[in-house]
>>> print(open('query-v8.cif').read())   # mmCIF, C-alpha atoms and all ligand atoms
data_coords
#
loop_
_atom_site.label_atom_id
_atom_site.label_comp_id
_atom_site.auth_asym_id
_atom_site.auth_seq_id
_atom_site.Cartn_x
_atom_site.Cartn_y
_atom_site.Cartn_z
CA MET V 271 24.49 -4.30 0.66
CA VAL V 272 20.91 -4.46 1.93
CA LYS V 273 17.86 -5.97 0.23
CA VAL V 274 14.48 -4.57 1.28
CA PHE V 275 10.98 -5.71 0.34
CA ALA V 276 8.36 -3.00 -0.34
CA PRO V 277 4.99 -4.74 0.08
CA ALA V 278 1.82 -3.46 -1.55
CA LYS V 279 -0.48 -1.61 0.86
CA ILE V 280 -4.12 -2.67 0.82
CA ASN V 281 -6.88 -0.51 2.31
CA LEU V 282 -9.37 -3.16 3.46
CA THR V 283 -11.59 -0.25 4.49
CA LEU V 284 -11.27 3.45 3.74
CA HIS V 285 -13.78 5.66 5.54
CA ILE V 286 -13.36 9.36 4.75
CA THR V 287 -14.54 11.17 7.86
CA GLY V 288 -13.74 14.85 7.27
CA GLN V 289 -11.59 17.43 5.56
CA ARG V 290 -8.99 19.68 7.20
CA ASP V 291 -8.57 23.36 6.46
CA ASP V 292 -5.49 22.58 4.34
CA GLY V 293 -7.63 20.37 2.06
CA TYR V 294 -6.31 17.00 3.24
CA HIS V 295 -8.97 14.47 4.14
CA GLU V 296 -9.31 12.73 7.48
CA LEU V 297 -9.75 9.02 7.25
CA ASP V 298 -10.27 5.84 9.23
CA SER V 299 -8.72 2.92 7.38
CA LEU V 300 -7.99 -0.73 8.13
CA VAL V 301 -4.78 -1.44 6.26
CA THR V 302 -2.82 -4.60 5.63
CA PHE V 303 0.12 -5.61 3.44
CA ALA V 304 0.68 -8.12 0.66
CA THR V 305 3.30 -10.71 -0.22
CA VAL V 306 3.55 -9.00 -3.62
CA GLY V 307 5.63 -5.85 -3.82
CA ASP V 308 8.69 -4.05 -5.13
CA GLU V 309 12.30 -4.86 -4.18
CA LEU V 310 15.14 -2.50 -3.37
CA TRP V 311 18.87 -3.17 -3.21
CA LEU V 312 20.96 -0.56 -1.44
CA VAL V 313 24.75 -0.38 -1.63
CA GLU V 314 26.62 2.25 0.33
CA ALA V 315 28.08 4.78 -2.14
CA GLY V 316 29.60 8.26 -2.36
CA ILE V 317 26.37 9.75 -3.69
CA ASN V 318 22.68 8.76 -3.78
CA SER V 319 21.62 7.26 -7.13
CA LEU V 320 18.72 5.21 -8.44
CA THR V 321 18.21 2.60 -11.16
CA VAL V 322 14.63 1.51 -11.84
CA GLU V 323 14.04 -1.86 -13.51
CA GLY V 324 11.55 -4.72 -13.56
CA PRO V 325 8.19 -5.46 -15.21
CA GLU V 326 6.45 -2.27 -14.00
CA ALA V 327 9.39 0.15 -14.42
CA ALA V 328 8.03 1.98 -17.50
CA GLY V 329 7.23 5.60 -16.74
CA VAL V 330 8.53 5.51 -13.16
CA PRO V 331 10.93 8.41 -12.56
CA ALA V 332 14.55 7.51 -11.77
CA ASP V 333 15.50 10.95 -10.46
CA MET V 334 14.68 12.99 -7.35
CA ASN V 335 10.98 12.75 -8.25
CA ASN V 336 11.10 9.12 -7.19
CA LEU V 337 9.90 8.77 -3.61
CA ALA V 338 12.63 6.20 -2.89
CA MET V 339 15.28 8.86 -3.65
CA LYS V 340 13.51 11.51 -1.60
CA SER V 341 13.26 9.11 1.29
CA ALA V 342 16.91 8.01 1.06
CA GLN V 343 17.91 11.66 1.26
CA PHE V 344 15.56 12.18 4.18
CA ALA V 345 16.93 9.16 6.10
CA GLY V 346 20.48 10.19 5.18
CA ALA V 347 22.34 10.53 8.47
CA GLY V 348 25.49 11.14 6.46
CA ARG V 349 25.04 7.95 4.44
CA GLN V 350 24.49 7.70 0.69
CA ALA V 351 23.39 4.69 -1.32
CA ALA V 352 23.21 3.38 -4.87
CA ILE V 353 19.64 2.04 -5.02
CA THR V 354 18.29 -0.49 -7.50
CA LEU V 355 14.50 -0.54 -7.47
CA THR V 356 12.72 -3.49 -9.11
CA LYS V 357 9.12 -2.48 -9.82
CA HIS V 358 6.49 -5.19 -9.62
CA LEU V 359 3.62 -2.91 -8.54
CA PRO V 360 1.90 -0.74 -11.15
CA ALA V 361 2.24 3.01 -10.50
CA SER V 362 -0.72 5.24 -9.59
CA SER V 363 -2.77 2.23 -8.64
CA GLY V 364 -3.95 2.69 -5.04
CA ILE V 365 -1.67 0.08 -3.50
CA GLY V 366 0.99 2.49 -2.36
CA GLY V 367 3.76 1.68 -4.84
CA GLY V 368 5.73 4.89 -4.42
CA SER V 369 4.95 5.07 -0.70
CA ALA V 370 6.06 1.46 -0.20
CA ASP V 371 9.32 2.22 -2.02
CA ALA V 372 9.87 5.32 0.12
CA ALA V 373 9.32 3.32 3.30
CA ALA V 374 11.61 0.51 2.11
CA ALA V 375 14.36 2.96 1.11
CA TRP V 376 14.14 4.49 4.57
CA ARG V 377 14.38 1.06 6.25
CA GLY V 378 17.27 0.18 3.96
CA MET V 379 19.19 3.36 4.77
CA LEU V 380 18.81 2.58 8.48
CA ALA V 381 20.11 -0.92 7.90
CA LEU V 382 23.22 0.24 6.02
CA GLY V 383 26.34 1.25 7.87
CA PRO V 384 28.44 -0.10 10.70
CA GLU V 385 25.61 -0.96 13.12
CA GLY V 386 23.90 -2.58 10.16
CA GLU V 387 20.88 -4.81 10.20
CA ALA V 388 20.95 -5.39 13.95
CA GLN V 389 19.89 -1.79 14.45
CA ALA V 390 17.03 -2.13 11.98
CA GLU V 391 15.88 -5.43 13.51
CA THR V 392 15.69 -3.90 16.99
CA GLN V 393 13.65 -1.00 15.79
CA PHE V 394 11.27 -3.13 13.75
CA ALA V 395 10.45 -5.10 16.88
CA MET V 396 8.97 -1.86 18.28
CA PRO V 397 7.19 -0.28 15.34
CA GLU V 398 5.06 2.06 17.43
CA ILE V 399 8.08 3.54 19.17
CA LEU V 400 9.96 3.76 15.89
CA TYR V 401 6.97 5.44 14.38
CA GLU V 402 6.60 8.00 17.17
CA THR V 403 10.26 8.94 17.11
CA GLN V 404 11.08 9.02 13.42
CA ALA V 405 8.72 7.52 10.88
CA ARG V 406 5.86 9.94 11.50
CA ALA V 407 7.93 12.70 9.91
CA LEU V 408 7.82 10.70 6.68
CA VAL V 409 4.21 11.82 6.21
CA ALA V 410 5.86 14.84 4.55
CA LEU V 411 6.69 12.50 1.63
CA GLY V 412 3.12 11.18 1.39
CA ALA V 413 0.20 10.32 3.66
CA ASP V 414 0.72 6.59 3.02
CA VAL V 415 4.45 6.50 3.82
CA PRO V 416 4.25 6.09 7.64
CA MET V 417 1.88 3.12 7.32
CA CYS V 418 4.18 1.54 4.74
CA VAL V 419 7.08 1.89 7.17
CA ILE V 420 5.11 -0.26 9.61
CA SER V 421 4.01 -2.85 6.97
CA ARG V 422 1.91 -4.72 9.55
CA PRO V 423 -1.89 -4.80 9.88
CA LEU V 424 -2.92 -1.44 11.29
CA ARG V 425 -5.63 1.14 11.68
CA ALA V 426 -4.74 4.57 10.28
CA ARG V 427 -6.50 7.77 11.25
CA GLY V 428 -5.74 11.47 10.94
CA ILE V 429 -4.65 11.87 7.32
CA GLY V 430 -3.00 8.46 7.57
CA GLU V 431 -0.28 9.22 10.11
CA LYS V 432 -2.10 8.29 13.33
CA ILE V 433 -1.41 4.58 13.45
CA THR V 434 -2.33 1.78 15.84
CA LEU V 435 -1.42 -1.86 15.24
CA VAL V 436 -4.27 -4.36 14.97
CA ASP V 437 -4.39 -8.16 15.00
CA LEU V 438 -5.68 -9.48 11.70
CA PRO V 439 -5.67 -13.07 10.46
CA GLN V 440 -3.80 -13.85 7.25
CA VAL V 441 -6.10 -13.91 4.27
CA ALA V 442 -5.65 -15.03 0.65
CA CYS V 443 -6.20 -12.31 -1.93
CA VAL V 444 -6.26 -11.59 -5.63
CA LEU V 445 -5.29 -8.07 -6.74
CA VAL V 446 -6.35 -6.82 -10.17
CA ASN V 447 -5.43 -3.55 -11.85
CA PRO V 448 -6.96 -2.75 -15.26
CA ARG V 449 -3.80 -0.86 -16.29
CA VAL V 450 -5.49 2.51 -16.11
CA PRO V 451 -3.46 4.84 -13.87
CA VAL V 452 -5.65 6.84 -11.50
CA ALA V 453 -4.18 9.93 -9.80
CA THR V 454 -5.20 10.40 -6.14
CA PRO V 455 -6.14 14.14 -5.96
CA PRO V 456 -9.04 14.04 -8.51
CA VAL V 457 -10.57 11.06 -6.70
CA PHE V 458 -10.65 12.91 -3.38
CA LYS V 459 -12.02 15.92 -5.25
CA ALA V 460 -14.84 13.86 -6.75
CA LEU V 461 -15.99 12.74 -3.28
CA GLU V 462 -19.04 14.88 -2.50
CA LYS V 463 -19.81 13.91 1.10
CA LYS V 464 -16.74 14.39 3.25
CA ASP V 465 -18.16 13.61 6.73
CA ASN V 466 -18.83 9.91 6.53
CA PRO V 467 -19.01 7.69 9.62
CA PRO V 468 -15.77 6.11 10.90
CA MET V 469 -15.36 2.42 11.66
CA PRO V 470 -16.61 1.34 15.11
CA GLU V 471 -14.32 2.65 17.86
CA ASP V 472 -13.54 -0.91 19.01
CA LEU V 473 -12.74 -3.39 16.27
CA PRO V 474 -13.78 -7.01 16.82
CA THR V 475 -11.33 -9.85 17.35
CA PHE V 476 -11.27 -12.00 14.21
CA ALA V 477 -11.04 -15.75 14.80
CA ASP V 478 -10.06 -16.47 11.19
CA ALA V 479 -10.10 -15.14 7.62
CA SER V 480 -13.83 -15.86 7.23
CA ALA V 481 -14.68 -13.76 10.28
CA LEU V 482 -12.64 -10.87 8.89
CA ILE V 483 -14.25 -11.19 5.46
CA ASP V 484 -17.77 -11.22 6.99
CA TRP V 485 -17.10 -8.12 9.08
CA LEU V 486 -15.52 -6.19 6.21
CA ALA V 487 -18.73 -6.59 4.19
CA GLY V 488 -20.37 -4.04 6.53
CA GLN V 489 -17.55 -1.48 6.02
CA ARG V 490 -16.68 0.71 3.02
CA ASN V 491 -14.17 2.37 0.74
CA ASP V 492 -15.69 5.84 0.36
CA LEU V 493 -13.38 6.57 -2.59
CA GLN V 494 -14.71 3.65 -4.65
CA GLY V 495 -17.70 5.59 -6.03
CA PRO V 496 -15.66 8.67 -6.98
CA ALA V 497 -12.93 6.51 -8.58
CA LEU V 498 -15.57 4.61 -10.57
CA SER V 499 -16.86 7.90 -11.95
CA ILE V 500 -13.32 8.75 -13.15
CA ALA V 501 -12.36 5.26 -14.37
CA PRO V 502 -15.51 3.22 -15.16
CA VAL V 503 -13.36 0.16 -15.98
CA ILE V 504 -13.07 -0.33 -12.20
CA GLY V 505 -16.67 -1.60 -12.36
CA LYS V 506 -15.56 -4.36 -14.75
CA VAL V 507 -12.72 -5.36 -12.44
CA LEU V 508 -15.05 -5.54 -9.41
CA ALA V 509 -17.58 -7.58 -11.39
CA ARG V 510 -14.93 -10.02 -12.70
CA LEU V 511 -13.53 -10.58 -9.20
CA ALA V 512 -17.03 -11.10 -7.78
CA GLU V 513 -17.65 -13.92 -10.30
CA CYS V 514 -14.75 -15.99 -8.92
CA PRO V 515 -15.77 -19.03 -6.85
CA GLY V 516 -14.92 -18.45 -3.18
CA ALA V 517 -14.52 -14.65 -3.46
CA GLY V 518 -15.88 -13.46 -0.09
CA LEU V 519 -15.33 -9.73 -0.36
CA VAL V 520 -14.58 -7.55 -3.36
CA ARG V 521 -13.49 -3.92 -2.99
CA MET V 522 -11.18 -1.24 -4.37
CA SER V 523 -7.96 -0.28 -2.51
CA GLY V 524 -7.01 3.34 -1.79
CA SER V 525 -7.95 5.74 -4.56
CA GLY V 526 -7.87 2.93 -7.16
CA ALA V 527 -7.86 1.53 -9.65
CA THR V 528 -6.56 -1.73 -8.09
CA CYS V 529 -9.32 -3.91 -6.64
CA PHE V 530 -9.01 -6.96 -4.44
CA ALA V 531 -10.99 -10.09 -3.67
CA LEU V 532 -10.50 -11.93 -0.37
CA PHE V 533 -10.74 -15.71 -0.12
CA ALA V 534 -11.06 -17.97 2.92
CA GLU V 535 -9.36 -20.75 0.88
CA ILE V 536 -5.93 -20.29 -0.72
CA ASP V 537 -6.76 -22.73 -3.53
CA ASP V 538 -9.76 -20.60 -4.55
CA ALA V 539 -7.50 -17.55 -4.72
CA LYS V 540 -4.95 -19.41 -6.87
CA ALA V 541 -7.69 -20.57 -9.26
CA ALA V 542 -9.19 -17.07 -9.45
CA ALA V 543 -5.83 -15.42 -10.22
CA GLN V 544 -5.15 -17.94 -13.00
CA ALA V 545 -8.65 -17.62 -14.49
CA ILE V 546 -8.46 -13.80 -14.64
CA ARG V 547 -4.93 -13.94 -16.10
CA ASP V 548 -6.23 -16.30 -18.79
CA ASP V 549 -9.14 -14.17 -19.92
CA ARG V 550 -7.67 -10.69 -19.28
CA PRO V 551 -3.98 -10.78 -20.29
CA ASP V 552 -4.17 -6.98 -20.56
CA TRP V 553 -4.80 -6.63 -16.80
CA TRP V 554 -2.24 -6.82 -13.97
CA VAL V 555 -3.14 -9.75 -11.71
CA ALA V 556 -1.43 -10.90 -8.50
CA GLY V 557 -2.33 -13.72 -6.13
CA CYS V 558 -0.97 -13.03 -2.64
CA ILE V 559 -1.40 -13.35 1.11
CA LEU V 560 -2.30 -10.29 3.16
CA GLY V 561 -0.88 -9.94 6.65
CA ASP V 562 2.18 -9.01 8.68
CA MET V 563 5.11 -8.60 6.30
CA PHE V 564 7.65 -8.92 9.11
CA GLN V 565 6.39 -12.40 9.91
CA LYS V 566 8.55 -15.08 8.34
CA SER V 567 7.33 -17.85 5.98
CA LEU V 568 4.01 -16.71 4.62
CA PRO V 569 2.32 -19.14 2.22
CA VAL V 570 2.57 -18.58 -1.53
CA VAL V 571 -0.57 -18.00 -3.65
C1 LIG B 1 -5.96 7.16 -0.63
C2 LIG B 1 -4.82 6.72 0.27
O1 LIG B 1 -3.90 5.94 -0.48
C3 LIG B 1 -5.39 5.83 1.39
O2 LIG B 1 -4.40 5.14 2.12
C4 LIG B 1 -4.08 7.90 0.86
O3 LIG B 1 -4.98 8.70 1.59
C5 LIG B 1 -3.33 8.72 -0.19
O4 LIG B 1 -2.01 8.71 0.23
P1 LIG B 1 -0.83 9.29 -0.70
O5 LIG B 1 -1.01 8.82 -2.10
O6 LIG B 1 0.45 8.99 0.01
O7 LIG B 1 -1.18 10.82 -0.66
P2 LIG B 1 -0.25 12.11 -0.77
O8 LIG B 1 0.82 11.87 -1.78
O9 LIG B 1 0.12 12.57 0.60
O10 LIG B 1 -1.33 13.15 -1.34
C6 LIG B 1 -1.76 13.18 -2.66
C7 LIG B 1 -3.00 14.03 -2.71
O11 LIG B 1 -4.12 13.27 -2.22
C8 LIG B 1 -4.98 14.07 -1.45
N1 LIG B 1 -5.06 13.52 -0.09
C9 LIG B 1 -4.18 12.56 0.32
C10 LIG B 1 -4.29 12.00 1.59
C11 LIG B 1 -5.33 12.46 2.44
N2 LIG B 1 -5.48 11.95 3.66
N3 LIG B 1 -6.18 13.42 2.02
C12 LIG B 1 -6.07 13.95 0.76
O12 LIG B 1 -6.85 14.82 0.38
C13 LIG B 1 -4.43 15.47 -1.52
O13 LIG B 1 -5.08 16.10 -2.61
C14 LIG B 1 -2.98 15.27 -1.87
O14 LIG B 1 -2.45 16.35 -2.56
N1 LIG B 2 8.93 4.64 -6.49
C1 LIG B 2 7.89 5.01 -7.24
N2 LIG B 2 7.09 4.08 -7.82
C2 LIG B 2 6.01 4.46 -8.56
N3 LIG B 2 5.69 5.73 -8.80
C3 LIG B 2 6.45 6.69 -8.25
C4 LIG B 2 7.55 6.38 -7.46
N4 LIG B 2 8.10 7.52 -7.02
C5 LIG B 2 7.37 8.50 -7.53
N5 LIG B 2 6.38 8.04 -8.29
C6 LIG B 2 5.34 8.86 -8.96
O1 LIG B 2 4.24 8.90 -8.03
C7 LIG B 2 2.99 8.89 -8.72
C8 LIG B 2 2.00 8.01 -7.94
O2 LIG B 2 2.45 6.68 -7.97
P1 LIG B 2 2.17 5.69 -6.76
O3 LIG B 2 2.45 4.31 -7.28
O4 LIG B 2 2.90 6.10 -5.55
O5 LIG B 2 0.62 5.95 -6.54
P2 LIG B 2 -0.48 5.13 -5.80
O6 LIG B 2 -0.35 3.68 -6.11
O7 LIG B 2 -1.78 5.78 -6.13
O8 LIG B 2 -0.14 5.32 -4.29
P3 LIG B 2 -1.15 5.46 -3.08
O9 LIG B 2 -1.80 4.12 -2.90
O10 LIG B 2 -0.16 5.79 -1.97
O11 LIG B 2 -2.09 6.56 -3.42
C9 LIG B 2 3.27 8.42 -10.13
O12 LIG B 2 2.84 9.41 -10.98
C10 LIG B 2 4.79 8.26 -10.23
O13 LIG B 2 5.33 8.99 -11.31
#
>>> encode(input="query-v8.cif", output="structure tokens", more="lines below")
Ligand SMILES: C[C@](O)(CO)[C@H](O)COP(=O)(O)OP(=O)(O)OC[C@H]1O[C@@H](n2ccc(N)nc2=O)[C@H](O)[C@@H]1O
Ligand SMILES: Nc1ncnc2c1ncn2[C@@H]1O[C@H](COP(=O)(O)OP(=O)(O)OP(=O)(O)O)[C@@H](O)[C@H]1O
Amino acid sequence: MVKVFAPAKINLTLHITGQRDDGYHELDSLVTFATVGDELWLVEAGINSLTVEGPEAAGVPADMNNLAMKSAQFAGAGRQAAITLTKHLPASSGIGGGSADAAAAWRGMLALGPEGEAQAETQFAMPEILYETQARALVALGADVPMCVISRPLRARGIGEKITLVDLPQVACVLVNPRVPVATPPVFKALEKKDNPPMPEDLPTFADASALIDWLAGQRNDLQGPALSIAPVIGKVLARLAECPGAGLVRMSGSGATCFALFAEIDDAKAAAQAIRDDRPDWWVAGCILGDMFQKSLPVV
């Protein structure tokens, strides 16, 4: 049996720099991962199967339409697994839920079997090599899947599959989703200007969370405007996060509707998460740390 964590993916920046002939958009995105996420249990079995449970399970497919099942089949190598997926991340929310599950199922399938976790550990120590040899093919399941396989701070280019690791400090964060699902294709479609500037070629070195927060203020999520036009409630989420004492940067992740606020102080993040939970019980709220999800013992928000 293998237990795998599927961390939420957060686009700290999302610059849309072009559009390919096949319609997919080219991007330049600084991505990190959260201590909040889904969980998968895999048990070797005679046939692949999936059970979906947990607080965010409603409406999530439990058949071959689930990216975790597609990915398990893809990873296969003659192995099959009974998968239990516990959903904590809302679906269609811009934080990679399905992509994170696909990546975790793939990692879990690698870890099953006689060579077991040792094999997975070795490969995770070399994510770029792993990525070049195998994980890149997972872009066929979704543009966000290769980055979720890495689950470490990274810069993604191409359509999301050209990945380089970056050093980012840990930062405290509050994620808020207004419980309005937003599908990705219409958001890309609503973006009028496709050739926006990328991030600077060389990213700075960030001494601490405050330095990262300050620098991010000069960057963008080019999908935030289009998503706002589709789901105006995103404006309320951004405004509520911006009111929180200590919130240094407020932005939307991915194609929305989840927004995040970054905090230099963990205690400010904890207070903000509690305050928003208190006055918006209808919203999904998560306090978390953003950073390298393969690093042990991250603090709890
Ligand atoms: C917005 C992001 O989440 C940022 O990380 C990703 O670019 C989207 O990744 P994803 O949800 O895994 O996307 P996919 O499932 O591959 O594609 C869904 C749809 O989004 C659009 N799409 C996606 C990725 C991309 N680079 N350009 C696009 O135009 C396409 O219309 C595509 O049909
Ligand atoms: N494991 C899964 N969890 C959630 N949704 C899934 C899963 N597998 C397939 N889906 C389907 O995928 C669609 C998009 O959900 P998902 O959570 O992946 O979107 P997202 O948060 O916008 O992802 P991204 O940030 O990669 O754009 C939903 O309509 C859902 O039915």
>>> closest_atom_pairs(input="query-v8.cif", of="chain V", to="ligand LIG 2 (chain B)", cutoff="6 Å", atoms="all atoms listed in the file", output="JSON lines")
{"residue": "V:Val330", "atom": "CA", "partner": "B:LIG2", "partner_atom": "O13", "distance": 5.1}
{"residue": "V:Pro331", "atom": "CA", "partner": "B:LIG2", "partner_atom": "O13", "distance": 5.8}
{"residue": "V:Asn335", "atom": "CA", "partner": "B:LIG2", "partner_atom": "C5", "distance": 5.6}
{"residue": "V:Asn336", "atom": "CA", "partner": "B:LIG2", "partner_atom": "N4", "distance": 3.4}
{"residue": "V:Leu337", "atom": "CA", "partner": "B:LIG2", "partner_atom": "N4", "distance": 4.1}
{"residue": "V:Ala338", "atom": "CA", "partner": "B:LIG2", "partner_atom": "N1", "distance": 5.4}
{"residue": "V:Ala361", "atom": "CA", "partner": "B:LIG2", "partner_atom": "O3", "distance": 3.5}
{"residue": "V:Ser362", "atom": "CA", "partner": "B:LIG2", "partner_atom": "O5", "distance": 3.4}
{"residue": "V:Ser363", "atom": "CA", "partner": "B:LIG2", "partner_atom": "O6", "distance": 3.8}
{"residue": "V:Gly364", "atom": "CA", "partner": "B:LIG2", "partner_atom": "O9", "distance": 3.4}
{"residue": "V:Ile365", "atom": "CA", "partner": "B:LIG2", "partner_atom": "O9", "distance": 4.1}
{"residue": "V:Gly366", "atom": "CA", "partner": "B:LIG2", "partner_atom": "O9", "distance": 3.3}
{"residue": "V:Gly367", "atom": "CA", "partner": "B:LIG2", "partner_atom": "O3", "distance": 3.8}
{"residue": "V:Gly368", "atom": "CA", "partner": "B:LIG2", "partner_atom": "O4", "distance": 3.3}
{"residue": "V:Ser369", "atom": "CA", "partner": "B:LIG2", "partner_atom": "O10", "distance": 5.3}
{"residue": "V:Asp371", "atom": "CA", "partner": "B:LIG2", "partner_atom": "N1", "distance": 5.1}
{"residue": "V:Asp414", "atom": "CA", "partner": "B:LIG2", "partner_atom": "O10", "distance": 5.1}
{"residue": "V:Thr454", "atom": "CA", "partner": "B:LIG2", "partner_atom": "O11", "distance": 5.6}
{"residue": "V:Gly524", "atom": "CA", "partner": "B:LIG2", "partner_atom": "O9", "distance": 5.4}
>>> axis_aligned_box(input="query-v8.cif", around="region 501-511 of chain V", padding_each_side="6 Å", output="lines of an AutoDock Vina configuration file")
center_x = -15.0
center_y = -2.7
center_z = -12.6
size_x = 17.2
size_y = 27.8
size_z = 18.8
>>> closest_residue(input="query-v8.cif", among="V:Leu320, V:Ala541, V:Ala375, V:Ile429", to="ligand LIG 1 (chain B)", atoms="only C-alpha atoms and all ligand atoms")
V:Ile429
>>> residues_around(input="query-v8.cif", residues="Thr305 (chain V)", least_positions_apart="3", cutoff="7 Å", atoms="all atoms listed in the file", output="list in words")
Pro277, Cys558, Ile559 and Leu560 of chain V
>>> atom_distance(input="query-v8.cif", atom1="CA of Leu284 (chain V)", atom2="CA of Glu535 (chain V)")
24.4 Å
>>> atom_distance(input="query-v8.cif", atom1="atom O13 of ligand LIG 1 (chain B)", atom2="CA of Tyr294 (chain V)")
6.0 Å
>>> residues_around(input="query-v8.cif", residues="Pro360 (chain V)", least_positions_apart="4", cutoff="9 Å", atoms="only C-alpha atoms", output="list in words")
Pro325, Glu326, Ala327, Ile365, Gly367, Asn447, Arg449, Pro451 and Trp554 of chain V
>>> closest_residue(input="query-v8.cif", among="V:Ala413, V:Ala332, V:Ala453, V:Leu312", to="ligand LIG 1 (chain B)", atoms="all atoms listed in the file")
V:Ala413
>>> residues_around(input="query-v8.cif", residues="Trp376 (chain V)", least_positions_apart="4", cutoff="6 Å", atoms="all atoms listed in the file", output="PDB file with C-alpha atoms, in the frame of the given file")
ATOM      1  CA  SER V 341      13.260   9.110   1.290  1.00  0.00           C
ATOM      2  CA  ALA V 342      16.910   8.010   1.060  1.00  0.00           C
ATOM      3  CA  ALA V 345      16.930   9.160   6.100  1.00  0.00           C
TER       4      ALA V 345
END
>>> closest_residue(input="query-v8.cif", among="V:Lys540, V:His295, V:Lys463, V:Arg290", to="Leu445 (chain V)", atoms="only C-alpha atoms")
V:Lys540
>>> atom_distance(input="query-v8.cif", atom1="CA of Ala351 (chain V)", atom2="CA of Val419 (chain V)")
18.6 Å
